[in-house]
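Structure file input_32.cif (mmCIF, C-alpha atoms) follows.
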data_target
loop_
_atom_site.label_atom_id
_atom_site.label_comp_id
_atom_site.auth_asym_id
_atom_site.auth_seq_id
_atom_site.Cartn_x
_atom_site.Cartn_y
_atom_site.Cartn_z
CA MET A 234 117.14 80.96 95.60
CA LYS A 235 118.12 80.18 92.08
CA LYS A 236 121.53 79.44 90.75
CA PHE A 237 123.44 79.96 87.65
CA TRP A 238 126.43 77.79 87.01
CA PHE A 239 128.85 76.10 84.67
CA LEU A 240 129.83 72.51 85.29
CA ILE A 241 132.88 71.27 83.52
CA GLY A 242 133.62 67.60 83.54
CA GLY A 243 136.07 65.41 81.78
CA SER A 244 138.68 64.18 83.94
CA VAL A 245 136.26 65.78 85.14
CA ALA A 246 135.69 69.32 86.18
CA GLY A 247 132.80 71.73 86.07
CA VAL A 248 132.27 75.36 85.90
CA MET A 249 129.18 76.88 87.21
CA LEU A 250 127.67 80.33 87.38
CA ALA A 251 124.53 81.37 89.23
CA VAL A 252 122.62 84.61 89.45
CA LEU A 253 119.95 85.54 91.98
CA LEU A 254 118.13 88.80 92.36
CA PHE A 255 116.02 89.71 95.34
CA ALA A 256 114.12 92.53 96.81
CA PRO A 257 114.08 92.99 100.56
CA PHE A 258 113.23 96.63 100.55
CA ILE A 259 113.74 99.10 103.36
CA VAL A 260 111.59 102.12 104.08
CA ARG A 261 113.46 105.02 105.59
CA GLY A 262 111.96 106.38 108.77
CA ARG A 263 111.05 109.96 109.64
CA GLN A 264 114.38 111.73 109.79
CA HIS A 265 113.60 115.25 108.55
CA ARG A 266 110.82 117.58 109.58
CA SER A 267 110.05 119.74 106.58
CA ILE A 268 106.38 120.43 105.86
CA CYS A 269 106.57 118.51 102.59
CA GLN A 270 108.08 115.45 104.23
CA LEU A 271 105.61 115.50 107.11
CA LEU A 272 102.86 115.66 104.52
CA GLN A 273 104.37 112.73 102.64
CA PHE A 274 104.61 110.63 105.80
CA ARG A 275 100.92 111.33 106.42
CA LEU A 276 100.23 110.18 102.87
CA GLN A 277 102.28 107.04 103.43
CA ARG A 278 100.26 106.16 106.49
CA SER A 279 97.04 106.59 104.60
CA ASP A 280 98.38 104.58 101.64
CA ARG A 281 97.82 100.84 101.92
CA ALA A 282 100.58 98.82 103.56
CA TYR A 283 103.39 97.60 101.34
CA VAL A 284 103.00 94.01 100.22
CA PRO A 285 105.81 92.62 98.03
CA THR A 286 104.66 91.80 94.53
CA PRO A 287 104.24 88.01 94.16
CA VAL A 288 107.15 86.46 92.29
CA SER A 289 106.52 84.49 89.11
CA VAL A 290 108.78 81.42 89.26
CA TYR A 291 110.05 79.73 86.12
CA GLU A 292 111.91 76.47 86.76
CA SER A 293 113.32 76.75 83.26
CA SER A 294 113.58 79.60 80.77
CA ALA A 295 112.06 77.14 78.29
CA GLU A 296 108.73 78.14 79.84
CA LEU A 297 109.26 81.63 78.40
CA ARG A 298 108.61 82.39 74.76
CA GLN A 299 109.59 86.05 74.51
CA SER A 300 112.65 86.42 76.76
CA ALA A 301 116.36 85.68 76.44
CA ILE A 302 119.26 85.58 78.93
CA VAL A 303 122.62 86.46 77.39
CA PRO A 304 126.11 85.59 78.72
CA THR A 305 127.61 88.97 77.76
CA TRP A 306 126.06 92.38 77.33
CA ASP A 307 127.55 92.77 73.86
CA THR A 308 125.53 89.76 72.63
CA GLU A 309 123.15 90.81 69.87
CA MET A 310 119.62 91.26 71.23
CA PRO A 311 116.92 89.08 69.63
CA LYS A 312 114.35 91.41 68.09
CA GLY A 313 111.13 91.73 70.06
CA GLN A 314 112.37 89.75 73.06
CA ASN A 315 113.14 90.77 76.62
CA VAL A 316 116.91 90.54 77.14
CA ILE A 317 118.57 89.99 80.55
CA TRP A 318 122.25 90.19 81.50
CA CYS A 319 124.04 90.18 84.87
CA ALA A 320 127.77 90.54 85.62
CA SER A 321 127.95 87.68 88.13
CA PHE A 322 128.44 85.21 85.28
CA GLN A 323 131.32 87.38 84.08
CA LEU A 324 132.82 87.63 87.59
CA ALA A 325 132.99 83.83 87.88
CA TRP A 326 134.39 83.45 84.36
CA ASP A 327 137.06 86.06 85.06
CA ARG A 328 138.14 84.26 88.24
CA LEU A 329 138.37 80.97 86.37
CA GLY A 330 140.79 82.55 83.91
CA LYS A 331 142.75 84.60 86.44
CA ASP A 332 143.09 82.19 89.35
CA VAL A 333 143.08 78.75 87.73
CA VAL A 334 143.72 78.68 83.98
CA HIS A 335 146.02 81.76 84.17
CA ALA A 336 144.84 82.74 80.72
CA PRO A 337 141.56 83.61 79.00
CA PRO A 338 139.56 80.34 78.95
CA ASP A 339 139.17 78.96 75.44
CA VAL A 340 136.36 76.48 74.74
CA LEU A 341 136.19 74.09 71.80
CA HIS A 342 133.02 74.53 69.70
CA ALA A 343 132.13 77.64 71.73
CA GLU A 344 134.96 79.92 70.62
CA LYS A 345 132.76 82.93 69.83
CA VAL A 346 131.01 82.94 73.21
CA ALA A 347 134.29 82.39 75.06
CA GLU A 348 135.91 85.21 73.09
CA ARG A 349 133.10 87.61 74.07
CA LEU A 350 133.41 86.59 77.72
CA ASN A 351 137.18 87.11 77.60
CA ARG A 352 136.76 90.49 75.91
CA ASN A 353 134.22 91.73 78.47
CA THR A 354 136.20 91.27 81.68
CA PHE A 355 134.19 93.02 84.40
CA PRO A 356 136.15 95.51 86.56
CA GLU A 357 135.50 94.50 90.17
CA SER A 358 135.95 98.16 91.16
CA ASP A 359 132.60 98.84 89.46
CA VAL A 360 130.72 97.03 92.23
CA SER A 361 130.99 97.84 95.94
CA ALA A 362 133.44 95.61 97.81
CA ASP A 363 130.81 94.58 100.36
CA SER A 364 128.33 93.59 97.62
CA TYR A 365 130.19 90.75 95.93
CA TYR A 366 132.52 87.81 96.45
CA ALA A 367 134.42 85.84 93.82
CA ALA A 368 136.93 82.97 94.09
CA ALA A 369 138.24 80.03 92.08
CA GLY A 370 140.51 77.06 92.71
CA TRP A 371 141.05 73.31 92.71
CA CYS A 372 138.76 71.15 94.83
CA ARG A 373 141.80 69.17 96.02
CA ASP A 374 143.09 72.39 97.61
CA GLY A 375 139.89 73.00 99.60
CA ILE A 376 138.30 75.75 97.48
CA VAL A 377 134.76 74.61 98.35
CA GLU A 378 135.30 74.88 102.10
CA ASN A 379 137.02 78.25 101.64
CA ILE A 380 134.00 79.54 99.72
CA ARG A 381 131.61 78.32 102.41
CA GLN A 382 133.58 79.97 105.21
CA GLU A 383 133.88 83.28 103.36
CA MET A 384 130.19 83.36 102.41
CA GLN A 385 129.17 82.67 106.00
CA ARG A 386 131.50 85.38 107.30
CA ARG A 387 130.56 88.06 104.79
CA PHE A 388 126.91 87.37 103.95
CA HIS A 389 125.82 85.15 106.86
CA HIS A 390 124.66 82.24 104.75
CA LEU A 391 126.18 79.38 102.78
CA PRO A 392 126.16 78.96 99.00
CA THR A 393 122.83 77.59 97.82
CA ILE A 394 124.23 75.71 94.84
CA ALA A 395 124.10 72.01 95.68
CA GLU A 396 126.33 71.16 92.72
CA ILE A 397 129.27 72.81 94.46
CA ASP A 398 129.82 69.35 96.01
CA HIS A 399 129.47 67.36 92.81
CA PRO A 400 131.94 64.44 93.03
CA MET A 401 133.16 65.04 89.46
CA ASN A 402 134.19 68.62 90.14
CA ASP A 403 137.90 69.23 89.80
CA ILE A 404 137.73 73.03 89.75
CA VAL A 405 135.23 75.47 91.22
CA ALA A 406 134.94 79.15 90.32
CA TYR A 407 132.35 80.98 92.36
CA GLY A 408 130.81 84.45 92.10
CA TYR A 409 128.25 86.14 94.33
CA LEU A 410 126.55 89.54 93.99
CA GLU A 411 124.08 91.08 96.46
CA VAL A 412 122.67 94.58 95.99
CA GLY A 413 119.66 96.31 97.54
CA ILE A 414 118.41 99.73 96.39
CA PRO A 415 115.49 100.90 98.57
CA PHE A 416 113.72 104.10 97.57
CA SER A 417 113.94 106.85 100.19
CA VAL A 418 110.18 107.41 99.91
CA PRO A 419 108.01 104.55 98.57
CA TYR A 420 105.91 105.33 95.51
CA PHE A 421 102.18 104.75 95.23
CA GLU A 422 100.63 101.71 93.64
CA ASN A 423 98.77 102.66 90.49
CA PRO A 424 95.16 101.58 91.20
CA ALA A 425 94.39 101.22 87.49
CA PRO A 426 95.97 98.83 84.97
CA LEU A 427 98.71 100.27 82.77
CA ALA A 428 98.39 99.31 79.10
CA PHE A 429 101.91 98.27 78.03
CA GLU A 430 102.37 98.27 74.25
CA ASP A 431 105.20 96.15 72.79
CA GLY A 432 107.02 96.83 69.53
CA ALA A 433 104.44 94.87 67.54
CA GLY A 434 101.62 97.04 68.86
CA LYS A 435 100.16 94.42 71.20
CA LYS A 436 98.77 95.91 74.41
CA THR A 437 98.77 94.10 77.76
CA ASN A 438 97.41 95.38 81.05
CA VAL A 439 100.14 95.33 83.74
CA SER A 440 100.42 96.58 87.32
CA SER A 441 102.58 99.63 88.00
CA PHE A 442 103.72 102.19 90.56
CA GLY A 443 104.46 105.91 90.42
CA VAL A 444 103.19 109.32 91.39
CA ASN A 445 100.62 111.89 90.16
CA PHE A 446 98.43 109.48 88.27
CA SER A 447 96.15 110.72 85.52
CA LYS A 448 93.23 110.55 87.97
CA PRO A 449 94.91 111.34 91.29
CA SER A 450 93.10 110.95 94.53
CA THR A 451 93.03 113.80 97.04
CA GLU A 452 95.79 112.06 98.99
CA GLN A 453 98.02 111.54 95.98
CA THR A 454 97.73 115.03 94.53
CA PRO A 455 100.50 116.72 96.60
CA GLY A 456 103.17 114.03 96.10
CA LEU A 457 105.92 116.66 96.27
CA PRO A 458 108.60 114.61 98.05
CA LEU A 459 108.14 111.83 95.51
CA CYS A 460 108.51 114.25 92.62
CA GLN A 461 111.64 115.69 94.19
CA GLN A 462 113.01 112.18 94.67
CA VAL A 463 113.13 111.64 90.89
CA ARG A 464 116.10 112.88 88.91
CA VAL A 465 115.64 113.39 85.18
CA LEU A 466 118.73 112.15 83.34
CA HIS A 467 117.51 112.65 79.77
CA CYS A 468 114.37 113.96 78.09
CA ALA A 469 113.45 114.71 74.48
CA VAL A 470 110.17 116.25 73.32
CA ASP A 471 108.44 116.65 69.97
CA ASP A 472 107.14 119.89 68.44
CA ARG A 473 104.04 119.64 70.64
CA MET A 474 106.19 119.36 73.78
CA ARG A 475 105.25 115.72 74.31
CA THR A 476 107.94 113.50 75.74
CA THR A 477 109.27 111.08 73.12
CA GLU A 478 112.19 109.49 74.98
CA PHE A 479 113.52 109.85 78.50
CA ALA A 480 115.65 108.39 81.28
CA ILE A 481 115.22 108.83 85.01
CA ASP A 482 116.79 107.92 88.33
CA PRO A 483 113.78 107.02 90.54
CA CYS A 484 115.77 107.73 93.74
CA ARG A 485 118.49 110.36 93.42
CA GLU A 486 119.69 109.68 96.97
CA SER A 487 120.26 105.93 96.67
CA SER A 488 123.81 104.93 97.56
CA PRO A 489 126.14 103.34 96.69
CA ASN A 490 124.12 102.00 93.74
CA GLN A 491 121.76 103.56 91.22
CA VAL A 492 118.81 102.36 89.14
CA ILE A 493 118.35 103.98 85.72
CA LEU A 494 115.07 103.53 83.83
CA ALA A 495 115.25 104.56 80.19
CA ARG A 496 112.71 104.64 77.37
CA VAL A 497 115.13 105.19 74.51
CA PRO A 498 115.72 103.57 71.10
CA ALA A 499 117.27 100.11 71.28
CA GLU A 500 120.64 99.56 69.66
CA ALA A 501 121.91 96.15 68.52
CA THR A 502 123.15 95.17 72.01
CA LEU A 503 122.63 96.17 75.63
CA GLN A 504 126.19 97.53 75.66
CA ALA A 505 125.61 99.71 72.57
CA THR A 506 122.32 100.96 74.05
CA TRP A 507 124.10 101.89 77.29
CA LYS A 508 126.82 103.81 75.43
CA SER A 509 124.18 105.70 73.45
CA LEU A 510 122.29 106.45 76.67
CA GLU A 511 125.49 107.65 78.36
CA LYS A 512 125.92 110.25 75.61
CA ARG A 513 122.30 111.36 75.92
CA MET A 514 122.68 111.75 79.71
CA ALA A 515 125.94 113.69 79.31
CA ASP A 516 124.31 116.10 76.82
CA TYR A 517 121.11 116.62 78.81
CA PRO A 518 122.38 119.15 81.42
CA ARG A 519 123.30 121.51 78.57
CA GLN A 520 119.76 121.55 77.19
CA ARG A 521 117.62 124.62 77.77
CA PHE A 522 114.85 122.91 79.72
CA ALA A 523 116.99 120.46 81.71
CA GLU A 524 115.59 119.63 85.16
CA PRO A 525 112.59 122.02 85.21
CA LYS A 526 110.13 122.11 88.09
CA PHE A 527 108.79 118.64 88.53
CA GLU A 528 105.66 119.02 90.66
CA LEU A 529 103.20 118.37 87.81
CA ASP A 530 105.01 115.45 86.14
CA THR A 531 103.58 111.96 86.01
CA LEU A 532 105.65 108.83 86.54
CA LEU A 533 104.42 105.26 85.96
CA VAL A 534 106.69 102.20 85.99
CA PRO A 535 105.59 98.56 85.53
CA ASN A 536 106.20 96.16 88.42
CA LEU A 537 108.64 93.32 87.81
CA ALA A 538 109.06 90.25 90.05
CA TRP A 539 110.39 87.01 88.59
CA ASP A 540 112.66 84.09 89.30
CA LEU A 541 113.99 81.89 86.51
CA THR A 542 116.66 79.36 85.54
CA HIS A 543 118.37 79.28 82.15
CA HIS A 544 120.72 76.84 80.41
CA PHE A 545 123.33 78.29 78.06
CA ALA A 546 123.18 75.52 75.48
CA GLU A 547 125.96 77.16 73.48
CA LEU A 548 128.40 76.45 76.34
CA GLU A 549 127.18 73.04 77.50
CA GLY A 550 128.18 69.58 76.34
CA PHE A 551 130.80 66.86 76.38
CA ASP A 552 132.28 68.37 73.23
CA LYS A 553 132.95 71.74 74.95
CA HIS A 554 136.53 70.97 75.99
CA LEU A 555 138.86 73.65 77.30
CA LYS A 556 141.58 74.27 74.74
CA ASN A 557 144.02 75.84 77.21
CA LYS A 558 147.28 73.91 77.64
CA GLY A 559 147.10 71.54 80.59
CA PHE A 560 143.29 71.70 80.78
CA GLU A 561 142.37 69.85 77.58
CA ASN A 562 140.72 66.98 79.48
CA LEU A 563 138.14 69.29 81.06
CA PHE A 564 134.84 70.10 79.38
CA LEU A 565 131.79 72.24 80.13
CA LEU A 566 129.11 69.87 81.36
CA HIS A 567 126.56 72.50 82.44
CA ALA A 568 126.16 76.21 81.90
CA ILE A 569 123.17 77.39 83.91
CA GLN A 570 122.02 80.79 85.11
CA GLY A 571 119.33 81.49 87.68
CA ILE A 572 117.95 84.99 88.04
CA CYS A 573 115.45 86.47 90.48
CA PHE A 574 114.64 90.17 90.14
CA ARG A 575 112.15 92.57 91.69
CA LEU A 576 111.30 96.22 91.04
CA ASP A 577 108.26 97.77 92.70
CA ARG A 578 107.15 100.87 94.57
CA SER A 579 109.53 100.27 97.48
CA GLY A 580 112.74 99.82 95.49
CA ALA A 581 114.92 97.38 93.59
CA ALA A 582 117.36 94.71 94.70
CA LEU A 583 119.63 92.08 93.25
CA ARG A 584 121.32 88.95 94.54
CA SER A 585 123.40 86.78 92.27
CA GLU A 586 125.29 83.55 92.87
CA ALA A 587 127.65 81.92 90.40
CA LEU A 588 129.60 78.68 90.37
CA LEU A 589 131.89 77.40 87.63
CA SER A 590 133.22 73.92 88.04
CA PRO A 591 135.28 72.25 85.26
CA ALA A 592 134.02 68.66 85.34
CA SER A 593 110.82 123.35 83.09
CA GLY A 594 107.28 124.37 84.21
CA MET A 595 105.74 122.43 81.35
CA PRO A 596 104.06 119.29 82.72
CA ARG A 597 105.75 116.15 81.42
CA THR A 598 104.80 112.52 81.69
CA PHE A 599 107.27 109.69 82.19
CA ILE A 600 105.17 106.60 81.52
CA PHE A 601 106.97 103.35 80.77
CA ASP A 602 104.18 101.89 78.65
CA ARG A 603 106.49 101.09 75.72
CA PRO A 604 109.69 98.99 75.52
CA PHE A 605 112.31 100.32 77.96
CA PHE A 606 115.62 99.49 79.64
CA ILE A 607 116.73 99.00 83.24
CA PHE A 608 120.38 99.50 84.15
CA VAL A 609 121.86 99.07 87.63
CA ARG A 610 125.33 100.41 88.39
CA LYS A 611 127.53 101.94 91.04
CA ARG A 612 126.20 105.50 91.38
CA ASP A 613 127.33 107.91 88.65
CA ARG A 614 130.31 105.81 87.58
CA GLY A 615 131.45 102.68 85.82
CA VAL A 616 129.55 100.19 83.72
CA PRO A 617 126.30 98.54 84.83
CA PHE A 618 126.41 95.16 86.53
CA PHE A 619 122.80 94.41 85.53
CA ALA A 620 120.90 95.29 82.37
CA LEU A 621 117.41 94.42 81.15
CA HIS A 622 115.57 95.29 77.96
CA VAL A 623 111.83 95.07 78.53
CA ALA A 624 110.57 94.58 74.99
CA ASN A 625 107.26 92.88 75.79
CA ALA A 626 104.98 92.18 78.75
CA GLU A 627 106.02 88.56 79.41
CA LEU A 628 108.09 89.46 82.50
CA LEU A 629 105.84 92.28 83.73
CA CYS A 630 103.43 91.77 86.62
CA LYS A 631 99.78 91.51 85.68
CA PRO A 632 96.97 93.14 87.73
#

Show how you would write the structure in this file as structure tokens.
Amino acid sequence: MKKFWFLIGGSVAGVMLAVLLFAPFIVRGRQHRSICQLLQFRLQRSDRAYVPTPVSVYESSAELRQSAIVPTWDTEMPKGQNVIWCASFQLAWDRLGKDVVHAPPDVLHAEKVAERLNRNTFPESDVSADSYYAAAGWCRDGIVENIRQEMQRRFHHLPTIAEIDHPMNDIVAYGYLEVGIPFSVPYFENPAPLAFEDGAGKKTNVSSFGVNFSKPSTEQTPGLPLCQQVRVLHCAVDDRMRTTEFAIDPCRESSPNQVILARVPAEATLQATWKSLEKRMADYPRQRFAEPKFELDTLLVPNLAWDLTHHFAELEGFDKHLKNKGFENLFLLHAIQGICFRLDRSGAALRSEALLSPASGMPRTFIFDRPFFIFVRKRDRGVPFFALHVANAELLCKP
């Protein structure tokens, strides 16, 4: 388990945020008896057993050269880099301001970042009540023990952030997010490498999953339940009827959360890209060829499985004092985020921990072999609580 945290010290206090993403996936059993589903279950049995994709662990994001973790989703995206954002950092920051400072936290020498965090307050109604926990308070009032008891009661384990007990902590703000999105019917592993091409034209062979591959085996050819599981949210074609941009929901029945995979043009920020995608998805049902028969379509999605820790240098340091009245002697000692994420043929899942402590009949192909986005949100409503721009192959699984 990784963590992502702020430590604020001075007199001293810390503020800490941690994000973890996981993937214990669940395969739904035989519940219906249609011919197509019985056929699919036969195909599943003949398909090789599911083995979770090995996770690539990065003790520090400094090991990465083409990826960035941002504190807010309206942070400008570095060109050509993968960009990751998760709302658990925001949940902890919001609790710090609401429950302790009683005002938007203001940080000396980090005013712009603090202003973005204060502007992007995350509505807790946009994540299921049983999927998150957030709290903040003074250590002298027993906030750490309260957090432990609540985590044990609700999620059956204690916080994994050792720094929650740091002797210099005066204040602790904690956020936790746990979401699992299993696919109703697991997809097939693509037996051949997928050539992913980044924005600079560099191609890298990566592993992937999907249905109706370009050279399907006899077993994979039917694939009807898998095709019906996909919901097309947006699709644009050129004058030769080739797909140029698209967005899909790989499991239309997932509840209460939804994964959206989108190969669309990137805007300046993840937030701007989402707003543009929202408009595209809203317009799509009015198009002439919206949601045609899907039996002949091809879907290929790269596997992702990684675990990393990141320091927000722009928020860390003895000079990062809180400017709020009554808190001027507290500074941000550490600002760290840990993220573990997995997406493969069986589904997607996310777990995040945060601690702040001041101290139609035309065949179409949906192949994600170019830069694309992943958004995770409460189904059909609200803003995403996780967003990822896959701009290059650094975070994709290799064959």

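Using all atoms listed in the file, the shortest contact distance between A:Ile600 and any of A:Pro419, A:Gly443, A:Gly580, A:Pro338 is found at A:Gly443.
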
* To do: Might you pull out every residue within 6 Å of stretch 313-323 of chain A, with only C-alpha atoms counted and same-chain residues fewer than 2 positions away left off, and present them as a PyMOL selection string?
  => chain A and resi 250+299-303+311+325-327+408+618-624

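The closest residue to A:Thr308, picked from A:Cys372, A:Ala469, A:Leu532, A:Ala501 and counting only C-alpha atoms, is A:Ala501.
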
* Near stretch 349-360 of chain A, counting all atoms listed in the file, which residues have an atom at most 10 Å away, once you skip same-chain residues fewer than 3 positions from it, shown as JSON, numbers by chain? -> {"A": [304, 305, 306, 307, 308, 320, 321, 322, 323, 324, 325, 326, 327, 328, 330, 336, 337, 338, 339, 344, 345, 346, 363, 364, 365, 366, 367, 410, 411, 412, 489, 490, 610, 611, 612, 614, 615, 616, 617, 618]}

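Minimum distance to A:Arg575 across A:Thr542, A:Val405, A:Asp552, A:Gly413 (counting all atoms listed in the file) occurs at A:Gly413.
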
With 10 Å as the cut-off and all atoms listed in the file counted, what is the closest atom pair between each nearby residue of stretch 474-587 of chain A and stretch 430-439 of chain A? Distances in Å to one decimal, ordered by chain and number, as CSV.
residue,atom,partner,partner_atom,distance
A:Val534,CA,A:Val439,CA,9.8
A:Pro535,CA,A:Val439,CA,6.6
A:Asn536,CA,A:Val439,CA,7.7
A:Leu537,CA,A:Val439,CA,9.6

* Asked: For the point (134.6, 75.1, 99.6) in file coordinates, what residues are within 12 Å, counting all atoms listed in the file? Give the answer as a PyMOL selection string?
  -> chain A and resi 368-385+391-392+394-399+402-407+588+590

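We find atom CA of A:Arg386 and atom CA of A:Ala587 to be spaced 17.7 Å apart.
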
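Residue nearest A:Ser294 within the list A:Phe545, A:Phe442, A:Phe551, A:Phe560: A:Phe545 [criterion: smallest interatomic distance, all atoms listed in the file].
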
* What separation in Å, quoted to one decimal, exists between atom CA of A:Leu583 and atom CA of A:Glu486? -> 18.0 Å

Taking N, CA and C atoms as the atom set, what does stretch 398-409 of chain A look like once completed, written as a short mmCIF file (atom, residue, chain, number, x, y, z; two decimals), in the coordinates of the input?
data_model
loop_
_atom_site.label_atom_id
_atom_site.label_comp_id
_atom_site.auth_asym_id
_atom_site.auth_seq_id
_atom_site.Cartn_x
_atom_site.Cartn_y
_atom_site.Cartn_z
N ASP A 398 129.25 70.57 95.46
CA ASP A 398 129.82 69.35 96.01
C ASP A 398 129.80 68.17 95.03
N HIS A 399 129.55 68.45 93.78
CA HIS A 399 129.47 67.36 92.81
C HIS A 399 130.78 66.58 92.81
N PRO A 400 130.72 65.24 92.92
CA PRO A 400 131.94 64.44 93.03
C PRO A 400 132.86 64.52 91.81
N MET A 401 132.34 64.96 90.67
CA MET A 401 133.16 65.04 89.46
C MET A 401 133.87 66.39 89.34
N ASN A 402 133.56 67.30 90.23
CA ASN A 402 134.19 68.62 90.14
C ASN A 402 135.68 68.55 90.44
N ASP A 403 136.48 69.07 89.55
CA ASP A 403 137.90 69.23 89.80
C ASP A 403 138.23 70.67 90.17
N ILE A 404 137.50 71.59 89.57
CA ILE A 404 137.73 73.03 89.75
C ILE A 404 136.40 73.70 90.06
N VAL A 405 136.41 74.68 90.94
CA VAL A 405 135.23 75.47 91.22
C VAL A 405 135.60 76.95 91.13
N ALA A 406 134.83 77.69 90.36
CA ALA A 406 134.94 79.15 90.32
C ALA A 406 133.60 79.70 90.74
N TYR A 407 133.59 80.55 91.73
CA TYR A 407 132.35 80.98 92.36
C TYR A 407 132.25 82.51 92.35
N GLY A 408 131.06 83.02 92.06
CA GLY A 408 130.81 84.45 92.10
C GLY A 408 129.50 84.75 92.78
N TYR A 409 129.46 85.79 93.59
CA TYR A 409 128.25 86.14 94.33
C TYR A 409 128.08 87.66 94.30
#
